[in-house]
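Visitor: Provided below: start-v9.txt, containing compact mmCIF, C-alpha atoms and all ligand atoms.
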```txt
# COMPACT_ATOMS: atom_id res chain seq x y z
CA MET A 1 -22.99 -30.75 1.03
CA GLU A 2 -19.73 -29.96 -0.72
CA ILE A 3 -19.71 -26.73 -2.73
CA GLN A 4 -18.82 -27.23 -6.39
CA GLU A 5 -16.01 -24.78 -7.17
CA ILE A 6 -16.08 -22.78 -10.42
CA THR A 7 -12.53 -21.69 -11.21
CA ALA A 8 -11.88 -18.31 -12.84
CA SER A 9 -10.58 -20.03 -15.97
CA GLY A 10 -13.60 -22.34 -16.20
CA LEU A 11 -16.11 -19.52 -15.59
CA LYS A 12 -18.38 -18.19 -18.36
CA PRO A 13 -19.42 -14.87 -16.78
CA GLN A 14 -22.51 -14.11 -18.89
CA GLU A 15 -23.91 -17.64 -18.51
CA PHE A 16 -23.16 -17.53 -14.78
CA ILE A 17 -25.00 -14.19 -14.45
CA GLN A 18 -28.09 -15.43 -16.34
CA GLU A 19 -28.22 -18.63 -14.34
CA LYS A 20 -27.78 -16.97 -10.94
CA ALA A 21 -30.33 -14.24 -11.76
CA ARG A 22 -32.85 -16.95 -12.69
CA GLU A 23 -32.14 -18.84 -9.46
CA ILE A 24 -32.49 -15.72 -7.29
CA ALA A 25 -35.77 -14.73 -8.99
CA ALA A 26 -37.18 -18.25 -8.55
CA THR A 27 -36.16 -18.46 -4.88
CA VAL A 28 -37.51 -15.05 -3.84
CA GLY A 29 -40.70 -15.34 -5.93
CA ASP A 30 -43.19 -12.56 -5.09
CA GLY A 31 -41.37 -11.69 -1.88
CA VAL A 32 -38.87 -9.02 -0.99
CA ALA A 33 -35.13 -9.49 -0.37
CA ILE A 34 -32.55 -7.22 1.19
CA ASN A 35 -28.80 -6.96 0.91
CA ALA A 36 -25.94 -5.03 2.44
CA LEU A 37 -23.58 -3.27 0.09
CA SER A 38 -20.12 -2.44 1.43
CA GLY A 39 -18.69 -1.34 -1.93
CA GLY A 40 -16.29 -4.27 -2.17
CA VAL A 41 -16.26 -6.40 -5.30
CA ASP A 42 -18.27 -9.27 -3.72
CA SER A 43 -21.16 -7.22 -2.36
CA SER A 44 -21.16 -4.95 -5.44
CA ALA A 45 -21.50 -7.97 -7.74
CA VAL A 46 -24.29 -9.39 -5.57
CA THR A 47 -26.10 -6.04 -5.58
CA MET A 48 -26.01 -5.86 -9.40
CA LEU A 49 -27.04 -9.53 -9.75
CA GLY A 50 -29.87 -9.05 -7.26
CA HIS A 51 -31.15 -5.96 -9.05
CA LYS A 52 -31.03 -7.80 -12.36
CA ALA A 53 -33.06 -10.62 -10.84
CA LEU A 54 -35.44 -8.71 -8.57
CA GLY A 55 -35.51 -5.02 -9.56
CA SER A 56 -37.26 -2.96 -6.90
CA LYS A 57 -38.03 -6.11 -4.87
CA LEU A 58 -34.44 -5.91 -3.64
CA LYS A 59 -33.70 -3.28 -0.99
CA THR A 60 -30.03 -2.39 -0.67
CA TYR A 61 -28.50 -0.92 2.47
CA PHE A 62 -25.08 0.40 3.39
CA ILE A 63 -24.54 -0.32 7.07
CA ASN A 64 -22.39 2.40 8.52
CA ASN A 65 -20.76 0.42 11.33
CA GLY A 66 -18.30 3.19 12.17
CA LEU A 67 -15.46 0.87 11.10
CA MET A 68 -15.27 1.84 7.42
CA ARG A 69 -12.58 3.80 5.63
CA LYS A 70 -12.56 7.55 4.98
CA ASP A 71 -15.50 8.83 2.84
CA GLU A 72 -16.59 5.26 2.01
CA PRO A 73 -20.37 5.55 2.55
CA GLU A 74 -20.80 8.65 0.35
CA GLN A 75 -18.65 7.28 -2.50
CA ILE A 76 -20.60 4.04 -2.69
CA VAL A 77 -24.04 5.65 -2.65
CA SER A 78 -23.09 7.97 -5.50
CA LEU A 79 -21.51 5.18 -7.60
CA PHE A 80 -24.59 2.95 -7.41
CA ALA A 81 -26.93 5.88 -8.09
CA LYS A 82 -25.34 5.92 -11.58
CA PHE A 83 -26.64 2.36 -12.10
CA GLY A 84 -30.11 3.32 -10.87
CA VAL A 85 -29.62 1.40 -7.62
CA LYS A 86 -30.87 3.23 -4.56
CA VAL A 87 -28.74 2.57 -1.49
CA GLU A 88 -30.02 3.53 1.92
CA ILE A 89 -27.43 4.33 4.60
CA VAL A 90 -28.17 2.83 8.02
CA GLU A 91 -26.33 4.63 10.83
CA ALA A 92 -25.31 1.93 13.30
CA GLN A 93 -21.97 3.17 14.66
CA GLU A 94 -23.03 3.26 18.28
CA LYS A 95 -24.40 -0.28 18.22
CA PHE A 96 -21.13 -1.69 16.89
CA PHE A 97 -18.88 0.22 19.28
CA GLN A 98 -21.10 -0.79 22.18
CA ALA A 99 -20.90 -4.46 21.14
CA LEU A 100 -17.09 -4.27 20.82
CA LYS A 101 -16.54 -2.56 24.16
CA GLY A 102 -14.08 -4.37 26.42
CA ILE A 103 -13.42 -7.24 23.95
CA THR A 104 -9.79 -8.06 23.12
CA ASP A 105 -9.94 -11.63 21.77
CA PRO A 106 -9.90 -11.66 17.91
CA GLU A 107 -12.59 -14.30 17.45
CA GLU A 108 -14.81 -12.66 20.08
CA LYS A 109 -14.48 -9.36 18.20
CA ARG A 110 -15.57 -11.09 14.99
CA GLU A 111 -18.48 -12.72 16.79
CA ALA A 112 -19.60 -9.38 18.26
CA ILE A 113 -19.65 -7.89 14.76
CA THR A 114 -21.51 -10.89 13.35
CA GLN A 115 -24.21 -10.72 16.01
CA THR A 116 -24.63 -6.95 15.76
CA PHE A 117 -24.79 -7.09 11.97
CA TYR A 118 -27.07 -10.09 11.46
CA LYS A 119 -29.22 -10.13 14.58
CA ASP A 120 -29.52 -6.55 15.67
CA VAL A 121 -29.19 -4.36 12.54
CA PHE A 122 -30.44 -6.82 9.89
CA GLY A 123 -33.06 -8.39 12.14
CA LYS A 124 -34.64 -4.93 12.46
CA LEU A 125 -34.41 -4.18 8.72
CA VAL A 126 -35.98 -7.55 7.91
CA ARG A 127 -38.88 -6.92 10.29
CA GLU A 128 -39.45 -3.43 8.89
CA SER A 129 -39.21 -4.41 5.21
CA GLY A 130 -41.03 -7.76 5.44
CA ALA A 131 -38.09 -9.42 3.62
CA LYS A 132 -37.64 -13.17 3.91
CA TYR A 133 -34.25 -13.33 2.22
CA LEU A 134 -30.86 -11.74 2.66
CA LEU A 135 -28.66 -11.80 -0.43
CA GLN A 136 -24.95 -11.80 0.36
CA GLY A 137 -21.57 -12.17 -1.31
CA THR A 138 -19.93 -15.03 0.58
CA ILE A 139 -17.17 -16.59 -1.55
CA LEU A 140 -15.49 -19.97 -1.37
CA THR A 141 -12.36 -18.70 0.42
CA ASP A 142 -14.56 -17.34 3.26
CA VAL A 143 -16.11 -20.78 3.66
CA ASP A 144 -12.77 -22.63 3.47
CA GLU A 145 -11.08 -20.53 6.15
CA THR A 146 -14.05 -20.71 8.50
CA VAL A 147 -14.43 -24.47 8.12
CA ALA A 148 -10.69 -24.92 8.61
CA GLY A 149 -11.02 -22.97 11.86
CA ILE A 150 -8.49 -20.32 10.77
CA LYS A 151 -10.81 -17.33 11.01
CA ARG A 152 -14.51 -17.15 11.67
CA GLN A 153 -15.51 -15.10 8.60
CA HIS A 154 -18.41 -12.88 9.55
CA ASN A 155 -20.67 -14.18 6.79
CA VAL A 156 -20.47 -17.98 7.02
CA PHE A 157 -23.28 -19.94 8.74
CA ALA A 158 -24.55 -23.11 7.04
CA GLN A 159 -21.11 -24.73 7.06
CA LEU A 160 -20.92 -24.16 10.82
CA GLY A 161 -24.30 -25.84 11.32
CA ILE A 162 -26.04 -22.50 11.96
CA ASP A 163 -29.51 -22.07 10.44
CA PRO A 164 -29.97 -18.32 9.78
CA GLN A 165 -33.76 -18.77 9.59
CA GLU A 166 -33.80 -20.14 13.12
CA VAL A 167 -31.22 -17.77 14.61
CA PHE A 168 -31.92 -14.52 12.75
CA GLY A 169 -35.39 -15.02 11.23
CA TYR A 170 -34.50 -14.96 7.51
CA LYS A 171 -32.91 -17.12 4.81
CA ILE A 172 -29.59 -16.33 3.17
CA ILE A 173 -28.92 -16.58 -0.59
CA GLU A 174 -25.23 -16.77 -1.62
CA PRO A 175 -24.92 -16.63 -5.42
CA LEU A 176 -21.11 -16.27 -5.44
CA VAL A 177 -20.24 -19.11 -3.11
CA GLN A 178 -18.75 -21.30 -5.86
CA LEU A 179 -16.27 -18.60 -6.86
CA ARG A 180 -13.01 -17.21 -5.55
CA LYS A 181 -11.93 -13.58 -5.75
CA ASP A 182 -10.54 -13.83 -9.31
CA GLY A 183 -13.83 -15.33 -10.56
CA VAL A 184 -15.90 -12.66 -8.78
CA ARG A 185 -13.85 -9.94 -10.49
CA ARG A 186 -14.74 -11.38 -13.90
CA VAL A 187 -18.44 -11.53 -12.98
CA ALA A 188 -18.35 -7.94 -11.66
CA GLU A 189 -16.79 -6.74 -14.91
CA ALA A 190 -19.40 -8.61 -16.97
CA LEU A 191 -22.13 -6.94 -14.86
CA GLY A 192 -20.89 -3.57 -16.11
CA LEU A 193 -19.26 -2.38 -12.88
CA PRO A 194 -16.33 0.04 -13.34
CA LYS A 195 -12.70 -1.07 -13.10
CA SER A 196 -12.36 0.78 -9.79
CA THR A 197 -14.90 -1.73 -8.43
CA PHE A 198 -14.05 -5.01 -10.20
CA ASN A 199 -10.34 -4.50 -9.54
CA ARG A 200 -10.91 -3.09 -6.08
CA MET A 201 -8.62 -4.22 -3.35
CA PRO A 202 -10.30 -6.67 -0.95
CA PHE A 203 -11.47 -5.23 2.36
CA PRO A 204 -12.66 -7.51 5.18
CA GLY A 205 -16.24 -7.65 6.44
CA PRO A 206 -15.17 -6.72 10.00
CA ALA A 207 -13.57 -3.66 8.33
CA LEU A 208 -10.98 -1.67 10.29
CA CYS A 209 -11.77 -3.78 13.36
CA ALA A 210 -9.59 -6.49 11.74
CA ARG A 211 -6.70 -4.01 11.90
CA VAL A 212 -6.82 -2.97 15.54
CA ILE A 213 -5.07 -5.34 17.92
CA GLY A 214 -6.77 -5.35 21.31
CA GLU A 215 -9.93 -3.47 22.27
CA VAL A 216 -11.59 -1.47 19.50
CA THR A 217 -12.57 2.10 20.38
CA PRO A 218 -13.68 5.04 18.19
CA GLU A 219 -10.28 6.70 18.89
CA LYS A 220 -8.28 3.66 17.72
CA ILE A 221 -10.46 3.29 14.63
CA ASN A 222 -9.85 6.95 13.88
CA THR A 223 -6.07 6.39 14.11
CA VAL A 224 -6.10 3.32 11.87
CA ARG A 225 -8.46 5.08 9.43
CA ILE A 226 -5.95 7.93 8.92
CA ALA A 227 -3.07 5.41 8.62
CA THR A 228 -5.11 3.39 6.09
CA ALA A 229 -5.71 6.47 3.94
CA VAL A 230 -1.94 7.17 3.89
CA VAL A 231 -1.03 3.55 3.00
CA GLU A 232 -3.69 3.39 0.29
CA GLU A 233 -2.48 6.64 -1.31
CA GLU A 234 1.19 5.70 -1.18
CA LEU A 235 0.82 2.09 -2.37
CA ALA A 236 -1.92 2.61 -4.99
CA SER A 237 0.69 2.29 -7.74
CA SER A 238 2.31 -0.85 -6.26
CA GLY A 239 0.06 -3.27 -8.15
CA ALA A 240 -0.14 -5.39 -4.97
CA PHE A 241 -3.15 -7.58 -4.14
CA GLN A 242 -3.84 -5.85 -0.81
CA TYR A 243 -2.14 -3.37 1.51
CA MET A 244 -3.06 -2.24 4.98
CA ALA A 245 -2.07 -0.48 8.19
CA ILE A 246 -2.45 -2.21 11.55
CA LEU A 247 -2.54 -0.47 14.92
CA HIS A 248 -0.72 -2.33 17.67
CA GLN A 249 -1.81 -2.49 21.26
CA ASP A 250 1.69 -2.18 22.75
CA ARG A 251 3.23 1.24 22.98
CA VAL A 252 6.93 2.03 22.66
CA THR A 253 9.08 4.90 23.79
CA GLY A 254 9.73 7.54 21.18
CA ILE A 255 10.81 11.18 21.04
CA ARG A 256 8.60 14.06 20.03
CA ASP A 257 9.54 17.74 20.29
CA GLY A 258 12.65 16.71 22.23
CA LYS A 259 10.60 14.94 24.90
CA ARG A 260 9.80 11.33 25.71
CA ASP A 261 6.64 10.12 23.98
CA PHE A 262 5.30 6.66 24.86
CA GLY A 263 3.63 6.35 21.50
CA LEU A 264 1.74 4.16 19.05
CA GLN A 265 3.06 1.51 16.69
CA ILE A 266 1.74 0.98 13.16
CA GLU A 267 2.54 -2.14 11.16
CA ILE A 268 2.28 -2.06 7.38
CA ARG A 269 1.52 -5.15 5.30
CA CYS A 270 1.49 -5.29 1.53
CA TRP A 271 0.58 -8.60 -0.11
CA ASP A 272 1.11 -10.29 -3.45
CA SER A 273 -1.57 -12.93 -4.00
CA ILE A 274 -3.92 -14.37 -6.62
CA ASP A 275 -6.81 -15.62 -4.54
CA ALA A 276 -5.92 -14.76 -0.90
CA ARG A 277 -5.33 -18.42 0.01
CA ASN A 278 -1.56 -17.96 -0.05
CA ALA A 279 0.25 -14.65 -0.09
CA GLY A 280 3.72 -13.20 0.12
CA PRO A 281 5.07 -9.76 0.98
CA THR A 282 5.51 -7.33 -1.92
CA ARG A 283 9.15 -6.34 -2.46
CA LEU A 284 8.54 -2.62 -2.10
CA ALA A 285 11.38 -0.26 -2.95
CA TYR A 286 13.17 1.17 0.07
CA GLU A 287 12.42 4.73 -1.14
CA GLN A 288 8.69 3.93 -1.21
CA LEU A 289 8.80 2.56 2.35
CA ASP A 290 10.82 5.55 3.49
CA LYS A 291 8.24 8.02 2.11
CA LEU A 292 5.41 6.02 3.63
CA VAL A 293 7.00 6.00 7.08
CA LYS A 294 7.72 9.74 6.99
CA ARG A 295 4.10 10.49 6.16
CA MET A 296 2.86 8.03 8.81
CA VAL A 297 4.77 9.65 11.69
CA THR A 298 3.76 13.16 10.69
CA GLU A 299 0.13 12.60 9.64
CA VAL A 300 -1.09 9.98 12.10
CA PRO A 301 -1.34 11.45 15.62
CA GLY A 302 0.69 9.65 18.28
CA VAL A 303 2.66 7.29 16.02
CA VAL A 304 6.35 6.91 16.92
CA SER A 305 7.14 3.52 15.32
CA VAL A 306 6.33 2.02 11.90
CA THR A 307 7.27 -1.49 10.76
CA TYR A 308 6.91 -3.39 7.47
CA ASN A 309 5.99 -7.06 7.86
CA ILE A 310 7.65 -9.48 5.41
CA THR A 311 6.14 -12.75 6.65
CA ALA A 312 4.26 -14.92 4.12
CA LYS A 313 0.77 -16.45 4.49
CA PRO A 314 0.97 -19.13 5.88
CA PRO A 315 1.96 -18.98 8.69
CA SER A 316 0.73 -15.35 8.83
CA THR A 317 -2.82 -14.49 7.76
CA MET A 318 -3.37 -11.34 5.72
CA GLU A 319 -5.38 -9.39 8.27
CA ALA A 320 -4.09 -9.01 11.83
CA ILE A 321 -7.06 -10.49 13.67
P1 LIG A 401 -6.93 -13.58 5.97
O1 LIG A 401 -6.69 -12.53 7.02
O2 LIG A 401 -7.93 -14.60 6.42
O3 LIG A 401 -7.60 -12.81 4.77
O4 LIG A 401 -5.67 -14.19 5.44
C1 LIG A 401 -7.83 -13.36 3.49
C2 LIG A 401 -8.65 -12.37 2.71
O5 LIG A 401 -9.98 -12.29 3.24
C3 LIG A 401 -10.23 -10.99 3.75
N1 LIG A 401 -10.93 -11.18 5.03
C4 LIG A 401 -12.25 -11.16 5.19
N2 LIG A 401 -13.22 -10.89 4.32
N3 LIG A 401 -14.83 -11.21 6.02
C5 LIG A 401 -14.51 -10.93 4.74
O6 LIG A 401 -15.43 -10.64 3.96
C6 LIG A 401 -13.91 -11.48 6.97
O7 LIG A 401 -14.23 -11.74 8.12
C7 LIG A 401 -12.53 -11.44 6.51
N4 LIG A 401 -11.37 -11.64 7.14
C8 LIG A 401 -10.39 -11.50 6.21
C9 LIG A 401 -8.90 -10.31 3.89
O8 LIG A 401 -9.00 -8.89 3.77
C10 LIG A 401 -8.10 -10.95 2.77
O9 LIG A 401 -8.36 -10.34 1.52
```
Show me the file's structure as structure tokens.
Ligand code: XMP
Guide:
Amino acid sequence: MEIQEITASGLKPQEFIQEKAREIAATVGDGVAINALSGGVDSSAVTMLGHKALGSKLKTYFINNGLMRKDEPEQIVSLFAKFGVKVEIVEAQEKFFQALKGITDPEEKREAITQTFYKDVFGKLVRESGAKYLLQGTILTDVDETVAGIKRQHNVFAQLGIDPQEVFGYKIIEPLVQLRKDGVRRVAEALGLPKSTFNRMPFPGPALCARVIGEVTPEKINTVRIATAVVEEELASSGAFQYMAILHQDRVTGIRDGKRDFGLQIEIRCWDSIDARNAGPTRLAYEQLDKLVKRMVTEVPGVVSVTYNITAKPPSTMEAI
């Protein structure tokens, strides 16, 4: 069945919220539902909507997959505590790294994350909590790109002919699936979330794994995590839609302390976009790039080469895998 898009300009946020809260409450009934909060605008909006609809019948978890950015779990738990939403952190780093071991193909990496997240980690939480529903923030762009075969977004099932009830043992509710990112931001604002959340830069479900080319290891994630913190600090004032650091698999010869250093390469991308369907590189000032590169080679261990990618989407995609 075709999903009926609600454009940001046609959206009435308060009516949308009331309607979706009613639908969620009616679907879940007397049961219990669970959801995973990553702190992004989509999952934050779903968490607030779910709590409006279900109150304490919704259990919210932050899955620490070991692939998140610096200090992310703690910041999110403390933000939602202010809204009276209790978020339980589930430590699952080892499971994810184990599942990713030895995998280099981008779609296989995404599949490993999907299976670990939905089958292993969520399957267990569902059994323990007795929940029959998982509430999640899939948006229309996720569905489009998966159906088009561009990228298998980690959170899309029905459109691929996968029945979550059969495969994972629970049903999935997707209240935001008619919206794109700009519409979700308006809903998040109307739900009372702070600007730092409703304007938050998108971050992919597969997290930093989408920014490591080749096999993902804790060491490589650590490198890209430090590089990400540098890029996010330096480009915070750029006003761009999204900016990121990518760790390449190939090494190149560099010089460190007067000696040969066969070192790491970081690629920086900074995107202008409205809804992530199309995007173009931000025309960053040379001085800004220069400062960024100097910090990158001094603060990120092992990096001897930094590039800035100016390709548009399409033919590029925004994330590297
Ligand atoms: P791409 O790389 O497909 O990214 O051009 C478009 C937007 O979607 C984000 N992205 C994802 N978000 N799960 C998500 O929730 C995913 O698997 C995923 N892959 C990409 C990306 O950060 C960008 O904003």
Visitor: Using all atoms listed in the file, which residue out of A:Gly239, A:Gly254, A:Pro204, A:Gly280 lies closest to ligand LIG 401 (chain A)?
Guide: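 Among the listed residues, A:Pro204 lies closest to ligand LIG 401 (chain A).
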Visitor: Counting all atoms listed in the file, what residues are within 10 Å of ligand LIG 401 (chain A), given as a PDB file with C-alpha atoms, in the coordinates of the input?
Guide:
```pdb
ATOM      1  CA  SER A  38     -20.120  -2.440   1.430  1.00  0.00           C
ATOM      2  CA  GLY A  40     -16.290  -4.270  -2.170  1.00  0.00           C
ATOM      3  CA  ASP A  42     -18.270  -9.270  -3.720  1.00  0.00           C
ATOM      4  CA  SER A  43     -21.160  -7.220  -2.360  1.00  0.00           C
ATOM      5  CA  GLU A 107     -12.590 -14.300  17.450  1.00  0.00           C
ATOM      6  CA  ARG A 110     -15.570 -11.090  14.990  1.00  0.00           C
ATOM      7  CA  GLU A 111     -18.480 -12.720  16.790  1.00  0.00           C
ATOM      8  CA  ILE A 113     -19.650  -7.890  14.760  1.00  0.00           C
ATOM      9  CA  THR A 114     -21.510 -10.890  13.350  1.00  0.00           C
ATOM     10  CA  GLY A 137     -21.570 -12.170  -1.310  1.00  0.00           C
ATOM     11  CA  THR A 138     -19.930 -15.030   0.580  1.00  0.00           C
ATOM     12  CA  ILE A 139     -17.170 -16.590  -1.550  1.00  0.00           C
ATOM     13  CA  THR A 141     -12.360 -18.700   0.420  1.00  0.00           C
ATOM     14  CA  ASP A 142     -14.560 -17.340   3.260  1.00  0.00           C
ATOM     15  CA  VAL A 143     -16.110 -20.780   3.660  1.00  0.00           C
ATOM     16  CA  ASP A 144     -12.770 -22.630   3.470  1.00  0.00           C
ATOM     17  CA  GLU A 145     -11.080 -20.530   6.150  1.00  0.00           C
ATOM     18  CA  THR A 146     -14.050 -20.710   8.500  1.00  0.00           C
ATOM     19  CA  ILE A 150      -8.490 -20.320  10.770  1.00  0.00           C
ATOM     20  CA  LYS A 151     -10.810 -17.330  11.010  1.00  0.00           C
ATOM     21  CA  ARG A 152     -14.510 -17.150  11.670  1.00  0.00           C
ATOM     22  CA  GLN A 153     -15.510 -15.100   8.600  1.00  0.00           C
ATOM     23  CA  HIS A 154     -18.410 -12.880   9.550  1.00  0.00           C
ATOM     24  CA  ASN A 155     -20.670 -14.180   6.790  1.00  0.00           C
ATOM     25  CA  VAL A 156     -20.470 -17.980   7.020  1.00  0.00           C
ATOM     26  CA  LYS A 181     -11.930 -13.580  -5.750  1.00  0.00           C
ATOM     27  CA  MET A 201      -8.620  -4.220  -3.350  1.00  0.00           C
ATOM     28  CA  PRO A 202     -10.300  -6.670  -0.950  1.00  0.00           C
ATOM     29  CA  PHE A 203     -11.470  -5.230   2.360  1.00  0.00           C
ATOM     30  CA  PRO A 204     -12.660  -7.510   5.180  1.00  0.00           C
ATOM     31  CA  GLY A 205     -16.240  -7.650   6.440  1.00  0.00           C
ATOM     32  CA  PRO A 206     -15.170  -6.720  10.000  1.00  0.00           C
ATOM     33  CA  ALA A 207     -13.570  -3.660   8.330  1.00  0.00           C
ATOM     34  CA  LEU A 208     -10.980  -1.670  10.290  1.00  0.00           C
ATOM     35  CA  CYS A 209     -11.770  -3.780  13.360  1.00  0.00           C
ATOM     36  CA  ALA A 210      -9.590  -6.490  11.740  1.00  0.00           C
ATOM     37  CA  ARG A 211      -6.700  -4.010  11.900  1.00  0.00           C
ATOM     38  CA  PHE A 241      -3.150  -7.580  -4.140  1.00  0.00           C
ATOM     39  CA  GLN A 242      -3.840  -5.850  -0.810  1.00  0.00           C
ATOM     40  CA  TYR A 243      -2.140  -3.370   1.510  1.00  0.00           C
ATOM     41  CA  MET A 244      -3.060  -2.240   4.980  1.00  0.00           C
ATOM     42  CA  TRP A 271       0.580  -8.600  -0.110  1.00  0.00           C
ATOM     43  CA  SER A 273      -1.570 -12.930  -4.000  1.00  0.00           C
ATOM     44  CA  ASP A 275      -6.810 -15.620  -4.540  1.00  0.00           C
ATOM     45  CA  ALA A 276      -5.920 -14.760  -0.900  1.00  0.00           C
ATOM     46  CA  ARG A 277      -5.330 -18.420   0.010  1.00  0.00           C
ATOM     47  CA  ASN A 278      -1.560 -17.960  -0.050  1.00  0.00           C
ATOM     48  CA  ALA A 279       0.250 -14.650  -0.090  1.00  0.00           C
ATOM     49  CA  LYS A 313       0.770 -16.450   4.490  1.00  0.00           C
ATOM     50  CA  PRO A 314       0.970 -19.130   5.880  1.00  0.00           C
ATOM     51  CA  PRO A 315       1.960 -18.980   8.690  1.00  0.00           C
ATOM     52  CA  SER A 316       0.730 -15.350   8.830  1.00  0.00           C
ATOM     53  CA  THR A 317      -2.820 -14.490   7.760  1.00  0.00           C
ATOM     54  CA  MET A 318      -3.370 -11.340   5.720  1.00  0.00           C
ATOM     55  CA  GLU A 319      -5.380  -9.390   8.270  1.00  0.00           C
ATOM     56  CA  ALA A 320      -4.090  -9.010  11.830  1.00  0.00           C
ATOM     57  CA  ILE A 321      -7.060 -10.490  13.670  1.00  0.00           C
TER      58      ILE A 321
END
```
Visitor: From the set A:Ala285, A:Val230, A:Ile255, A:Val297, which residue has the shortest atom-to-atom contact distance to Arg69 (chain A), counting all atoms listed in the file?
Guide: A:Val230
Visitor: Enter the distance from CA of Glu15 (chain A) to CA of Ala36 (chain A), in Å, rounded to one decimal.
Guide: 24.5 Å
Visitor: Please determine, counting only C-alpha atoms, which residue among A:Val121, A:Ala188, A:Leu54, A:Leu67 has the shortest atom-to-atom distance to Phe16 (chain A).
Guide: A:Ala188
Visitor: Within 12 Å of (-31.9, -2.6, 13.1) (file coordinates; all atoms listed in the file), which protein or nucleic acid residues are there? I'd like them as a list in words.
Guide: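 Result, sorted by chain then residue number: Tyr61, Ile63, Asn64, Asn65, Ile89, Val90, Glu91, Ala92, Gln93, Glu94, Lys95, Phe96, Gln115, Thr116, Phe117, Tyr118, Lys119, Asp120, Val121, Phe122, Gly123, Lys124, Leu125, Val126, Arg127, Glu128, Ser129 and Phe168 of chain A.
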Visitor: Work out how far CA of Ala245 (chain A) is from CA of Ile268 (chain A), in Å to one decimal.
Guide: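 Value for the CA of Ile268 (chain A)-CA of Ala245 (chain A) distance: 4.7 Å.
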Visitor: Expressed in Å to a single decimal, how great is the separation between CA of Val41 (chain A) and CA of Lys12 (chain A)?
Guide: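 Distance reported for this atom pair: 17.7 Å.
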Visitor: From the coordinates supplied, region 231-235 of chain A should be written with all heavy atoms, as a PDB file, in the first residue's frame.
Guide:
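Below is the file that was written, out.pdb:
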```pdb
ATOM      1  N   VAL A 231      35.065  17.617  13.723  1.00  0.00           N
ATOM      2  CA  VAL A 231      34.248  18.176  12.625  1.00  0.00           C
ATOM      3  C   VAL A 231      33.005  18.873  13.192  1.00  0.00           C
ATOM      4  O   VAL A 231      32.641  19.971  12.753  1.00  0.00           O
ATOM      5  CB  VAL A 231      33.813  17.066  11.633  1.00  0.00           C
ATOM      6  CG1 VAL A 231      32.778  17.582  10.654  1.00  0.00           C
ATOM      7  CG2 VAL A 231      35.003  16.562  10.862  1.00  0.00           C
ATOM      8  N   GLU A 232      32.359  18.240  14.152  1.00  0.00           N
ATOM      9  CA  GLU A 232      31.119  18.821  14.692  1.00  0.00           C
ATOM     10  C   GLU A 232      31.395  20.137  15.424  1.00  0.00           C
ATOM     11  O   GLU A 232      30.591  21.062  15.347  1.00  0.00           O
ATOM     12  CB  GLU A 232      30.384  17.804  15.561  1.00  0.00           C
ATOM     13  CG  GLU A 232      29.821  16.672  14.707  1.00  0.00           C
ATOM     14  CD  GLU A 232      28.842  15.759  15.432  1.00  0.00           C
ATOM     15  OE1 GLU A 232      28.592  15.983  16.632  1.00  0.00           O
ATOM     16  OE2 GLU A 232      28.336  14.819  14.789  1.00  0.00           O
ATOM     17  N   GLU A 233      32.528  20.208  16.117  1.00  0.00           N
ATOM     18  CA  GLU A 233      32.871  21.480  16.792  1.00  0.00           C
ATOM     19  C   GLU A 233      33.170  22.564  15.766  1.00  0.00           C
ATOM     20  O   GLU A 233      32.663  23.669  15.842  1.00  0.00           O
ATOM     21  CB  GLU A 233      34.114  21.287  17.660  1.00  0.00           C
ATOM     22  CG  GLU A 233      33.810  20.762  19.054  1.00  0.00           C
ATOM     23  CD  GLU A 233      35.101  20.433  19.791  1.00  0.00           C
ATOM     24  OE1 GLU A 233      36.086  21.206  19.691  1.00  0.00           O
ATOM     25  OE2 GLU A 233      35.121  19.380  20.428  1.00  0.00           O
ATOM     26  N   GLU A 234      33.993  22.217  14.787  1.00  0.00           N
ATOM     27  CA  GLU A 234      34.461  23.228  13.827  1.00  0.00           C
ATOM     28  C   GLU A 234      33.358  23.704  12.883  1.00  0.00           C
ATOM     29  O   GLU A 234      33.380  24.837  12.429  1.00  0.00           O
ATOM     30  CB  GLU A 234      35.639  22.676  13.004  1.00  0.00           C
ATOM     31  CG  GLU A 234      36.932  22.596  13.790  1.00  0.00           C
ATOM     32  CD  GLU A 234      37.414  23.955  14.299  1.00  0.00           C
ATOM     33  OE1 GLU A 234      37.290  24.940  13.575  1.00  0.00           O
ATOM     34  OE2 GLU A 234      37.896  24.012  15.443  1.00  0.00           O
ATOM     35  N   LEU A 235      32.415  22.821  12.545  1.00  0.00           N
ATOM     36  CA  LEU A 235      31.404  23.195  11.541  1.00  0.00           C
ATOM     37  C   LEU A 235      30.032  23.523  12.151  1.00  0.00           C
ATOM     38  O   LEU A 235      29.065  23.763  11.424  1.00  0.00           O
ATOM     39  CB  LEU A 235      31.279  22.117  10.466  1.00  0.00           C
ATOM     40  CG  LEU A 235      32.570  21.837   9.673  1.00  0.00           C
ATOM     41  CD1 LEU A 235      32.322  20.837   8.551  1.00  0.00           C
ATOM     42  CD2 LEU A 235      33.180  23.119   9.101  1.00  0.00           C
TER      43      LEU A 235
END
```
